[in-house]
file entry.txt (compact mmCIF, C-alpha atoms)
# COMPACT_ATOMS: atom_id res chain seq x y z
CA MET A 225 0.00 0.00 0.00
CA GLU A 226 1.34 3.41 -1.01
CA SER A 227 2.33 5.59 1.92
CA SER A 228 1.25 9.22 2.18
CA ARG A 229 4.89 10.26 1.76
CA ASP A 230 5.22 8.30 -1.49
CA ALA A 231 1.92 9.73 -2.67
CA VAL A 232 3.22 13.28 -2.17
CA PHE A 233 6.61 12.53 -3.71
CA GLY A 234 4.97 10.94 -6.73
CA ASN A 235 2.53 13.81 -7.34
CA VAL A 236 4.55 16.66 -8.83
CA ASP A 237 1.66 19.13 -8.76
CA LEU A 238 0.89 18.45 -5.09
CA LEU A 239 4.58 18.64 -4.18
CA SER A 240 4.85 21.95 -6.00
CA GLU A 241 1.91 23.41 -4.09
CA ILE A 242 3.51 22.39 -0.77
CA LEU A 243 6.91 23.81 -1.66
CA LEU A 244 5.41 27.08 -2.91
CA ARG A 245 4.07 27.72 0.58
CA LEU A 246 7.45 27.45 2.27
CA PRO A 247 9.72 30.45 2.98
CA THR A 248 12.13 31.13 0.15
CA LYS A 249 15.27 30.12 2.04
CA GLN A 250 13.73 26.78 3.04
CA VAL A 251 12.69 26.11 -0.54
CA GLY A 252 16.30 26.57 -1.61
CA GLN A 253 17.44 24.13 1.06
CA CYS A 254 14.96 21.55 -0.22
CA LYS A 255 17.04 21.21 -3.39
CA CYS A 256 19.32 18.92 -1.40
CA VAL A 257 16.57 16.38 -0.67
CA SER A 258 16.72 14.56 -4.00
CA LYS A 259 17.45 15.01 -7.69
CA GLN A 260 13.70 15.13 -8.31
CA TRP A 261 13.26 18.04 -5.90
CA LEU A 262 16.32 19.80 -7.32
CA ALA A 263 14.95 19.54 -10.86
CA LEU A 264 11.49 20.70 -9.76
CA ILE A 265 12.64 23.71 -7.72
CA SER A 266 15.15 24.74 -10.40
CA SER A 267 12.62 24.59 -13.22
CA PRO A 268 11.55 27.92 -14.79
CA ARG A 269 7.90 27.00 -14.25
CA PHE A 270 8.32 26.56 -10.49
CA CYS A 271 10.48 29.67 -10.13
CA HIS A 272 7.92 31.71 -12.06
CA SER A 273 5.04 30.41 -9.92
CA HIS A 274 7.06 31.20 -6.80
CA ALA A 275 7.74 34.75 -8.05
CA LEU A 276 4.05 35.35 -8.81
CA ARG A 277 3.10 34.25 -5.31
CA LYS A 278 5.83 36.32 -3.64
CA CYS A 279 4.95 39.47 -5.59
CA LYS A 280 1.47 39.36 -4.10
CA THR A 281 2.07 38.00 -0.59
CA SER A 282 5.58 38.99 0.54
CA PRO A 283 5.72 41.15 3.67
CA LEU A 284 7.11 44.61 3.22
CA SER A 285 10.89 44.70 3.63
CA PHE A 286 13.57 47.10 2.51
CA LEU A 287 17.20 46.74 1.61
CA TRP A 288 19.02 49.60 3.29
CA HIS A 289 22.33 50.24 1.57
CA GLN A 290 24.84 51.34 4.16
CA ARG A 291 28.30 52.68 3.53
CA TRP A 292 31.50 50.63 3.32
CA GLY A 293 30.06 47.74 1.36
CA TYR A 294 27.30 46.63 3.73
CA ALA A 295 23.56 46.31 3.25
CA GLU A 296 20.81 45.47 5.71
CA ILE A 297 17.50 43.70 5.10
CA VAL A 298 14.94 45.57 7.22
CA PRO A 299 11.51 43.91 7.66
CA PHE A 300 8.95 46.43 8.84
CA PRO A 301 7.83 45.60 12.38
CA HIS A 302 4.10 46.03 11.80
CA LEU A 303 4.19 43.46 9.02
CA SER A 304 6.98 41.11 10.05
CA PRO A 305 8.45 40.26 13.48
CA ALA A 306 11.87 39.38 12.07
CA SER A 307 14.95 41.35 13.06
CA PRO A 308 17.11 43.27 10.57
CA LYS A 309 19.70 41.10 8.86
CA THR A 310 23.06 42.49 7.76
CA TYR A 311 24.67 41.47 4.46
CA GLN A 312 28.14 42.11 3.14
CA PHE A 313 28.29 42.58 -0.58
CA SER A 314 31.20 40.15 -0.64
CA ASN A 315 28.67 37.51 0.44
CA ILE A 316 26.35 38.38 -2.43
CA LEU A 317 28.68 38.89 -5.40
CA PRO A 318 32.09 37.25 -5.82
CA VAL A 319 34.63 40.01 -5.35
CA ASN A 320 38.40 40.23 -5.17
CA ILE A 321 40.99 42.90 -4.66
CA HIS A 322 40.24 44.33 -8.11
CA GLN A 323 36.45 44.50 -7.82
CA THR A 324 33.89 45.75 -5.31
CA ILE A 325 30.27 46.93 -5.27
CA THR A 326 30.03 50.66 -4.62
CA ARG A 327 26.27 51.15 -4.51
CA ILE A 328 22.86 49.71 -5.27
CA VAL A 329 21.49 51.64 -8.23
CA GLN A 330 18.02 50.11 -8.24
CA SER A 331 15.87 47.32 -6.85
CA CYS A 332 13.34 45.75 -9.19
CA ASN A 333 11.07 42.86 -8.14
CA GLY A 334 13.73 40.92 -6.24
CA PHE A 335 16.69 41.74 -8.48
CA LEU A 336 19.32 44.40 -7.77
CA LEU A 337 21.16 46.57 -10.25
CA CYS A 338 24.54 47.40 -8.72
CA GLN A 339 27.47 49.58 -9.66
CA ILE A 340 30.81 47.81 -9.51
CA LYS A 341 34.18 49.47 -9.18
CA GLN A 342 37.00 47.61 -10.89
CA TYR A 343 40.63 48.54 -10.30
CA LYS A 344 42.75 48.36 -13.43
CA ASP A 345 45.79 47.35 -11.43
CA ARG A 346 46.19 46.35 -7.78
CA TYR A 347 49.07 48.82 -7.40
CA VAL A 348 47.70 51.68 -9.53
CA TYR A 349 44.72 53.76 -8.41
CA GLN A 350 42.87 53.81 -11.72
CA MET A 351 39.34 52.52 -11.95
CA ASP A 352 36.79 51.29 -14.44
CA TYR A 353 33.13 50.83 -13.65
CA SER A 354 30.65 48.17 -14.67
CA TYR A 355 27.27 46.87 -13.60
CA ALA A 356 25.88 43.64 -12.23
CA ILE A 357 22.32 42.36 -11.94
CA LEU A 358 22.11 40.04 -8.97
CA ASN A 359 19.70 38.07 -6.87
CA PRO A 360 20.80 38.39 -3.20
CA THR A 361 18.61 35.44 -2.22
CA THR A 362 20.27 32.86 -4.47
CA ASN A 363 23.57 34.66 -5.23
CA HIS A 364 22.88 34.39 -8.95
CA PHE A 365 24.40 37.28 -10.86
CA LEU A 366 25.06 38.55 -14.35
CA MET A 367 27.37 41.26 -15.67
CA PRO A 368 26.21 42.59 -19.05
CA PRO A 369 28.91 43.09 -21.69
CA PRO A 370 30.18 46.60 -22.51
CA LEU A 371 28.00 48.82 -24.64
CA PRO A 372 28.48 48.52 -28.41
CA GLY A 373 31.61 50.42 -29.37
CA LYS A 374 32.56 51.13 -25.72
CA ARG A 375 35.44 49.65 -23.79
CA ASN A 376 33.52 49.69 -20.53
CA ASN A 377 29.97 50.35 -19.40
CA TYR A 378 30.79 53.66 -17.73
CA GLU A 379 32.72 55.28 -20.53
CA ALA A 380 29.75 57.40 -21.58
CA THR A 381 26.81 56.17 -19.49
CA LEU A 382 24.88 58.92 -17.69
CA ALA A 383 22.12 56.74 -16.23
CA ILE A 384 21.12 53.10 -16.22
CA TYR A 385 17.89 51.32 -15.25
CA LEU A 386 16.71 47.75 -14.71
CA ALA A 387 13.38 46.61 -16.16
CA PHE A 388 12.11 43.32 -14.73
CA GLU A 389 8.46 42.28 -14.62
CA PRO A 390 8.13 38.64 -13.43
CA LEU A 391 4.35 38.82 -13.87
CA ARG A 392 4.96 39.22 -17.61
CA SER A 393 8.27 37.51 -18.36
CA LEU A 394 11.21 35.71 -16.77
CA HIS A 395 13.61 37.90 -18.75
CA PHE A 396 14.82 41.37 -17.85
CA LYS A 397 16.19 44.40 -19.70
CA VAL A 398 18.78 47.04 -18.83
CA ILE A 399 18.39 50.54 -20.27
CA SER A 400 21.48 52.73 -20.64
CA PHE A 401 21.41 56.45 -21.45
CA THR A 402 24.56 57.96 -22.97
CA ARG A 403 25.18 61.46 -24.28
CA ASP A 404 25.67 61.82 -28.01
CA LYS A 405 29.03 63.61 -28.23
CA SER A 406 28.43 64.69 -31.80
CA THR A 407 25.73 67.19 -30.75
CA ASP A 408 25.40 70.15 -28.38
CA GLY A 409 24.59 67.94 -25.39
CA CYS A 410 20.78 67.77 -25.76
CA ARG A 411 20.79 64.51 -27.67
CA PHE A 412 20.98 61.12 -25.98
CA GLN A 413 21.55 57.61 -27.23
CA ILE A 414 19.56 54.85 -25.53
CA TYR A 415 20.80 51.26 -25.50
CA VAL A 416 18.73 48.30 -24.28
CA TYR A 417 20.23 45.03 -23.07
CA SER A 418 17.97 41.96 -23.18
CA SER A 419 18.70 38.92 -21.01
CA GLU A 420 16.69 36.85 -23.47
CA ILE A 421 19.18 37.39 -26.30
CA GLY A 422 22.18 38.29 -24.13
CA SER A 423 23.26 41.45 -25.96
CA TRP A 424 22.67 45.19 -26.38
CA ASP A 425 20.86 46.86 -29.26
CA GLU A 426 23.61 47.62 -31.74
CA GLY A 427 22.36 50.93 -33.07
CA GLY A 428 20.69 52.39 -30.02
CA VAL A 429 17.88 54.95 -30.14
CA LEU A 430 18.63 58.66 -30.52
CA THR A 431 16.37 61.17 -28.79
CA THR A 432 16.51 64.88 -27.98
CA ILE A 433 15.89 66.06 -24.41
CA SER A 434 16.02 69.46 -22.75
CA PRO A 435 19.54 70.47 -21.61
CA ASP A 436 18.18 70.93 -18.06
CA PHE A 437 16.83 67.38 -18.03
CA ASN A 438 18.32 65.17 -15.29
CA VAL A 439 18.43 61.74 -16.89
CA GLU A 440 19.61 60.17 -13.60
CA SER A 441 16.40 61.08 -11.74
CA GLY A 442 14.16 58.59 -13.53
CA ILE A 443 11.93 56.00 -11.83
CA TYR A 444 11.18 52.65 -13.43
CA CYS A 445 7.60 51.40 -13.16
CA ASN A 446 5.52 49.00 -15.29
CA GLY A 447 7.71 48.82 -18.35
CA ALA A 448 8.74 52.47 -18.49
CA VAL A 449 11.25 54.92 -17.00
CA HIS A 450 9.53 58.09 -15.76
CA TRP A 451 10.90 61.58 -15.15
CA TYR A 452 8.97 64.29 -13.35
CA ALA A 453 9.91 67.90 -14.05
CA PRO A 454 7.87 70.41 -12.00
CA ARG A 455 8.73 73.41 -14.19
CA GLU A 456 8.66 71.78 -17.63
CA ALA A 457 7.12 68.89 -19.53
CA SER A 458 7.53 65.49 -17.86
CA VAL A 459 8.21 62.40 -19.97
CA TYR A 460 8.58 58.63 -19.77
CA TYR A 461 10.48 56.13 -21.86
CA ASP A 462 8.49 53.10 -23.04
CA VAL A 463 10.98 50.20 -22.91
CA ASP A 464 9.12 47.91 -25.34
CA GLN A 465 8.28 50.59 -27.90
CA GLN A 466 11.65 52.32 -27.37
CA CYS A 467 10.33 55.86 -27.52
CA LEU A 468 9.68 58.87 -25.27
CA LYS A 469 6.10 59.83 -24.40
CA ASP A 470 4.53 62.70 -22.47
CA LEU A 471 3.85 62.23 -18.76
CA PRO A 472 1.04 64.46 -17.44
CA ASN A 473 1.97 66.92 -14.72
CA PRO A 474 -0.37 67.10 -11.70
CA VAL A 475 -2.81 69.98 -11.47
CA SER A 476 -3.27 71.62 -8.08
CA GLU A 477 -6.49 73.45 -7.24
CA THR A 478 -4.49 75.99 -5.27
CA GLY A 479 -1.54 76.11 -7.67
CA SER A 480 0.83 75.58 -4.76
CA TYR A 481 2.84 72.55 -5.90
CA VAL A 482 6.40 73.83 -5.94
CA TYR A 483 8.59 71.47 -3.93
CA VAL A 484 9.08 67.77 -4.77
CA ARG A 485 9.22 65.71 -1.59
CA TYR A 486 9.16 62.30 -3.19
CA PHE A 487 9.00 60.46 -6.52
CA GLU A 488 9.06 56.65 -6.54
CA GLU A 489 7.10 53.50 -7.34
CA PHE A 490 5.61 50.79 -5.16
CA LYS A 491 4.13 47.51 -6.42
CA GLY A 492 3.41 48.81 -9.90
CA ASN A 493 2.07 52.23 -8.86
CA LEU A 494 3.88 55.55 -9.32
CA TYR A 495 3.74 58.03 -6.43
CA LEU A 496 4.62 61.70 -6.27
CA GLY A 497 4.95 63.75 -3.08
CA LEU A 498 4.49 67.49 -3.59
CA GLY A 499 4.49 70.36 -1.11
CA LYS A 500 4.41 74.14 -0.99
CA ASN A 501 8.10 74.58 -0.17
CA ASP A 502 11.01 72.83 1.50
CA GLU A 503 10.00 74.07 4.98
CA SER A 504 6.35 73.08 4.86
CA LEU A 505 5.32 70.21 7.16
CA ASP A 506 2.41 69.11 4.99
CA PHE A 507 2.38 67.67 1.50
CA ASP A 508 0.20 65.63 -0.85
CA VAL A 509 0.91 62.08 -2.01
CA LEU A 510 -0.39 61.66 -5.56
CA GLU A 511 -0.76 58.46 -7.58
CA LEU A 512 -0.55 58.19 -11.36
CA LYS A 513 -3.71 56.87 -13.00
CA GLU A 514 -3.39 53.52 -14.72
CA ASP A 515 -4.24 55.00 -18.14
CA TYR A 516 -1.74 57.87 -17.69
CA SER A 517 -4.52 60.43 -18.03
CA GLY A 518 -3.46 62.27 -14.88
CA TRP A 519 -2.80 62.07 -11.13
CA PHE A 520 -5.18 61.70 -8.21
CA LEU A 521 -4.74 62.53 -4.53
CA ARG A 522 -3.97 59.43 -2.47
CA TYR A 523 -3.09 60.99 0.89
CA HIS A 524 -2.56 64.37 2.46
CA VAL A 525 0.24 64.25 5.04
CA ASP A 526 0.31 66.85 7.82
CA LEU A 527 3.11 66.58 10.38
CA THR A 528 2.50 69.87 12.16
CA HIS A 529 0.73 68.21 15.09
CA ILE A 530 3.40 65.57 15.69
CA GLY A 531 5.93 66.63 18.29
CA LYS A 532 8.73 64.45 16.95
CA CYS A 533 8.53 66.28 13.66
CA ALA A 534 7.80 69.72 15.09
CA ARG A 535 10.58 71.27 13.06
CA PRO A 536 10.95 71.12 9.27
CA SER A 537 13.64 68.46 9.37
CA PHE A 538 12.42 65.35 7.66
CA PHE A 539 13.01 63.39 4.49
CA VAL A 540 10.47 61.16 2.76
CA LEU A 541 12.33 57.90 2.15
CA TYR A 542 9.50 55.72 0.87
CA VAL A 543 5.75 55.52 0.36
CA ALA A 544 4.22 52.04 0.60
CA CYS A 545 0.53 51.91 -0.25
CA GLY A 546 -1.59 49.98 -2.71
CA GLU A 547 -5.13 48.90 -3.42
CA ASN A 548 -5.03 46.04 -0.92
CA GLU A 549 -2.68 47.53 1.68
CA GLU A 550 -4.38 47.44 5.07
CA ASP A 551 -1.68 49.55 6.72
CA PRO A 552 -0.20 52.11 4.33
CA VAL A 553 3.06 53.53 5.54
CA ILE A 554 5.17 56.55 4.70
CA VAL A 555 8.80 56.10 5.74
CA LEU A 556 10.29 59.31 7.14
CA PHE A 557 13.67 60.32 8.49
CA CYS A 558 12.84 62.84 11.21
CA ASN A 559 14.92 65.36 13.11
CA TRP A 560 18.20 63.85 11.89
CA LEU A 561 17.78 60.97 14.32
CA LYS A 562 15.45 58.11 13.47
CA ILE A 563 13.51 56.36 10.77
CA VAL A 564 9.81 56.55 11.60
CA LEU A 565 6.71 55.03 10.02
CA TYR A 566 3.78 57.36 9.45
CA ASN A 567 0.31 55.94 8.83
CA PRO A 568 -1.59 58.45 6.68
CA ARG A 569 -4.97 56.92 7.56
CA ASP A 570 -4.88 57.48 11.32
CA CYS A 571 -1.96 59.98 11.43
CA THR A 572 0.05 57.82 13.84
CA LEU A 573 3.81 57.62 14.02
CA ARG A 574 6.00 54.66 14.98
CA THR A 575 9.74 54.88 15.53
CA MET A 576 11.96 52.10 14.17
CA ASP A 577 14.38 51.87 17.08
CA GLU A 578 15.88 48.64 15.77
CA VAL A 579 17.34 50.47 12.76
CA ASP A 580 20.41 52.48 13.71
CA ILE A 581 20.76 55.16 11.04
CA LYS A 582 22.41 58.53 11.23
CA PHE A 583 22.01 61.71 9.24
CA TYR A 584 25.37 61.31 7.53
CA ASP A 585 24.21 57.93 6.17
CA ILE A 586 21.10 59.52 4.66
CA PHE A 587 23.08 62.49 3.38
CA ALA A 588 25.91 60.44 1.89
CA MET A 589 23.66 57.88 0.20
CA GLY A 590 21.13 60.53 -0.85
CA LYS A 591 23.81 62.25 -2.86
CA ILE A 592 24.63 59.20 -4.97
CA GLY A 593 21.48 57.08 -4.93
CA ARG A 594 18.40 55.93 -3.09
CA VAL A 595 18.64 54.92 0.55
CA LEU A 596 15.88 52.31 0.84
CA HIS A 597 15.14 49.70 -1.80
CA PRO A 598 12.04 47.46 -1.74
CA TYR A 599 13.07 43.87 -1.23
CA PHE A 600 11.56 40.42 -1.36
CA GLU A 601 13.15 37.00 -1.79
CA THR A 602 12.86 35.28 -5.16
CA LEU A 603 14.22 32.07 -6.68
CA LEU A 604 14.38 33.41 -10.22
CA ASN A 605 17.70 32.93 -11.95
CA VAL A 606 19.47 36.09 -13.12
CA GLY A 607 21.77 34.27 -15.47
CA LEU A 608 24.80 32.49 -14.03
CA GLU A 609 25.13 29.70 -11.53
CA PRO A 610 25.32 30.74 -7.86
CA TYR A 611 28.71 31.58 -6.45
CA ASN A 612 29.92 29.13 -3.82
CA GLY A 613 33.21 30.73 -2.84
call {"tool": "encode", "arguments": {"input": "entry.txt", "output": "structure tokens"}}
result
Amino acid sequence: MESSRDAVFGNVDLLSEILLRLPTKQVGQCKCVSKQWLALISSPRFCHSHALRKCKTSPLSFLWHQRWGYAEIVPFPHLSPASPKTYQFSNILPVNIHQTITRIVQSCNGFLLCQIKQYKDRYVYQMDYSYAILNPTTNHFLMPPPLPGKRNNYEATLAIYLAFEPLRSLHFKVISFTRDKSTDGCRFQIYVYSSEIGSWDEGGVLTTISPDFNVESGIYCNGAVHWYAPREASVYYDVDQQCLKDLPNPVSETGSYVYVRYFEEFKGNLYLGLGKNDESLDFDVLELKEDYSGWFLRYHVDLTHIGKCARPSFFVLYVACGENEEDPVIVLFCNWLKIVLYNPRDCTLRTMDEVDIKFYDIFAMGKIGRVLHPYFETLLNVGLEPYNG
């Protein structure tokens, strides 16, 4: 008579459903059980199903990029009881004396786009830069080749973005913006790397942008890179169609939107925080409509009545809210001291005492990139086999 264990082992669909409900780390450990389990868990179908489930059910966590090559996984206390976990980049990407990760450029649905500093010679202080797309859960990584006609990725690159939508495809794209040196500086060349074919577009796409346009300030969301310009026309770059399109600017009834507090995405929605000026303690959180016809008011944030933020000394680090979010949260850095969580529905504030962050960390990272990156564990393979050094 067949035992219940044999019945489970022999039913691939039932086994898959059980494994999909396990935490990501435990699923990875289950690869050691048998060759059958290894083949099942490593299959693209299982990894895709796991990613779909995690995109919808993962608790809110952030990857906080600290200085000196460290990062910390910070689960938010109201959604997860786990403690922060510290990572060294040397434990994520294989590095040696000639190569080290300098910063996280972007987080996109479980993958990280990182800047890598490569020393030309161990005794000579000359550096080249490159990029890596990596999965910190599995240690899979991939370094795209240099741009067509370039010796290294940073020779002319002004900005770079990662486009990865596991709900649509297992493949990702990298978009690189370089200045066209043959013009007066208003013309850019856009290259797109596809993991599906493993190469960059040879010709690139030429486009003209305002000379005041900051190409590094873009936000990737739902297949496009978006730029908000409060005093001129905003645009977005459609990755699939490879063209620039107009992004509507928000309209204020009072005409008082002057200062940009925040511009970022969360779970497929684009959010914009706008206030009257840099000293105002209230601001609006707007959300872009799905059809790109305009923006609508999601929350109005007023910190004037909160003693811990009684002075105009706060930064908006992240806005986490969606259609099914029971507890929306706005992550603030207040009074140069602590990260706090503000609930815009009941106007309550919670201090994250377990996260030790100082103003110089926010200031230093804010100058060269984002401070907090959304994070969830995924089994999807970036490209190469995991590093076991």
call {"tool": "residues_around", "arguments": {"input": "entry.txt", "residues": "stretch 449-457 of chain A", "least_positions_apart": "2", "cutoff": "10 Å", "atoms": "all atoms listed in the file", "output": "PDB file with C-alpha atoms, keeping the file's coordinate frame"}}
result
ATOM      1  CA  TYR A 385      17.890  51.320 -15.250  1.00  0.00           C
ATOM      2  CA  LEU A 386      16.710  47.750 -14.710  1.00  0.00           C
ATOM      3  CA  ALA A 387      13.380  46.610 -16.160  1.00  0.00           C
ATOM      4  CA  ILE A 399      18.390  50.540 -20.270  1.00  0.00           C
ATOM      5  CA  SER A 434      16.020  69.460 -22.750  1.00  0.00           C
ATOM      6  CA  ASP A 436      18.180  70.930 -18.060  1.00  0.00           C
ATOM      7  CA  PHE A 437      16.830  67.380 -18.030  1.00  0.00           C
ATOM      8  CA  ASN A 438      18.320  65.170 -15.290  1.00  0.00           C
ATOM      9  CA  VAL A 439      18.430  61.740 -16.890  1.00  0.00           C
ATOM     10  CA  GLU A 440      19.610  60.170 -13.600  1.00  0.00           C
ATOM     11  CA  SER A 441      16.400  61.080 -11.740  1.00  0.00           C
ATOM     12  CA  GLY A 442      14.160  58.590 -13.530  1.00  0.00           C
ATOM     13  CA  ILE A 443      11.930  56.000 -11.830  1.00  0.00           C
ATOM     14  CA  TYR A 444      11.180  52.650 -13.430  1.00  0.00           C
ATOM     15  CA  CYS A 445       7.600  51.400 -13.160  1.00  0.00           C
ATOM     16  CA  ASN A 446       5.520  49.000 -15.290  1.00  0.00           C
ATOM     17  CA  GLY A 447       7.710  48.820 -18.350  1.00  0.00           C
ATOM     18  CA  VAL A 459       8.210  62.400 -19.970  1.00  0.00           C
ATOM     19  CA  TYR A 460       8.580  58.630 -19.770  1.00  0.00           C
ATOM     20  CA  TYR A 461      10.480  56.130 -21.860  1.00  0.00           C
ATOM     21  CA  ASP A 462       8.490  53.100 -23.040  1.00  0.00           C
ATOM     22  CA  VAL A 463      10.980  50.200 -22.910  1.00  0.00           C
ATOM     23  CA  LEU A 468       9.680  58.870 -25.270  1.00  0.00           C
ATOM     24  CA  LYS A 469       6.100  59.830 -24.400  1.00  0.00           C
ATOM     25  CA  ASP A 470       4.530  62.700 -22.470  1.00  0.00           C
ATOM     26  CA  LEU A 471       3.850  62.230 -18.760  1.00  0.00           C
ATOM     27  CA  PRO A 472       1.040  64.460 -17.440  1.00  0.00           C
ATOM     28  CA  ASN A 473       1.970  66.920 -14.720  1.00  0.00           C
ATOM     29  CA  PRO A 474      -0.370  67.100 -11.700  1.00  0.00           C
ATOM     30  CA  TYR A 481       2.840  72.550  -5.900  1.00  0.00           C
ATOM     31  CA  VAL A 482       6.400  73.830  -5.940  1.00  0.00           C
ATOM     32  CA  TYR A 483       8.590  71.470  -3.930  1.00  0.00           C
ATOM     33  CA  VAL A 484       9.080  67.770  -4.770  1.00  0.00           C
ATOM     34  CA  PHE A 487       9.000  60.460  -6.520  1.00  0.00           C
ATOM     35  CA  GLU A 488       9.060  56.650  -6.540  1.00  0.00           C
ATOM     36  CA  GLU A 489       7.100  53.500  -7.340  1.00  0.00           C
ATOM     37  CA  LEU A 494       3.880  55.550  -9.320  1.00  0.00           C
ATOM     38  CA  LEU A 496       4.620  61.700  -6.270  1.00  0.00           C
ATOM     39  CA  LEU A 498       4.490  67.490  -3.590  1.00  0.00           C
TER      40      LEU A 498
END
call {"tool": "residues_around", "arguments": {"input": "entry.txt", "residues": "stretch 327-338 of chain A", "least_positions_apart": "5", "cutoff": "6 Å", "atoms": "all atoms listed in the file", "output": "list in words"}}
result
Tyr355, Ala356, Ile357, Leu358, Asn359, His597, Tyr599, Phe600, Glu601 and Thr602 of chain A
call {"tool": "write_last_selection", "arguments": {"input": "entry.txt", "atoms": "C-alpha atoms", "output": "PDB file, in the frame of the given file"}}
result
ATOM      1  CA  TYR A 355      27.270  46.870 -13.600  1.00  0.00           C
ATOM      2  CA  ALA A 356      25.880  43.640 -12.230  1.00  0.00           C
ATOM      3  CA  ILE A 357      22.320  42.360 -11.940  1.00  0.00           C
ATOM      4  CA  LEU A 358      22.110  40.040  -8.970  1.00  0.00           C
ATOM      5  CA  ASN A 359      19.700  38.070  -6.870  1.00  0.00           C
ATOM      6  CA  HIS A 597      15.140  49.700  -1.800  1.00  0.00           C
ATOM      7  CA  TYR A 599      13.070  43.870  -1.230  1.00  0.00           C
ATOM      8  CA  PHE A 600      11.560  40.420  -1.360  1.00  0.00           C
ATOM      9  CA  GLU A 601      13.150  37.000  -1.790  1.00  0.00           C
ATOM     10  CA  THR A 602      12.860  35.280  -5.160  1.00  0.00           C
TER      11      THR A 602
END
call {"tool": "atom_distance", "arguments": {"input": "entry.txt", "atom1": "atom CA of A:His364", "atom2": "atom CA of A:Asn605"}}
result
6.2 Å
call {"tool": "atom_distance", "arguments": {"input": "entry.txt", "atom1": "atom CA of A:Pro360", "atom2": "atom CA of A:Gly252"}}
result
12.7 Å
call {"tool": "closest_residue", "arguments": {"input": "entry.txt", "among": "A:Arg403, A:Val555, A:Asp570, A:Ser537", "to": "A:Ser285", "atoms": "all atoms listed in the file"}}
result
A:Val555
call {"tool": "atom_distance", "arguments": {"input": "entry.txt", "atom1": "atom CA of A:Ser354", "atom2": "atom CA of A:Gln339"}}
result
6.1 Å
call {"tool": "closest_atom_pairs", "arguments": {"input": "entry.txt", "of": "stretch 386-493 of chain A", "to": "stretch 266-274 of chain A", "cutoff": "10 Å", "atoms": "only C-alpha atoms", "output": "tab-separated table"}}
result
residue	atom	partner	partner_atom	distance
A:Pro390	CA	A:His272	CA	7.1
A:Leu391	CA	A:His272	CA	8.2
A:Arg392	CA	A:His272	CA	9.8
A:Ser393	CA	A:His272	CA	8.6
A:Leu394	CA	A:His272	CA	7.0
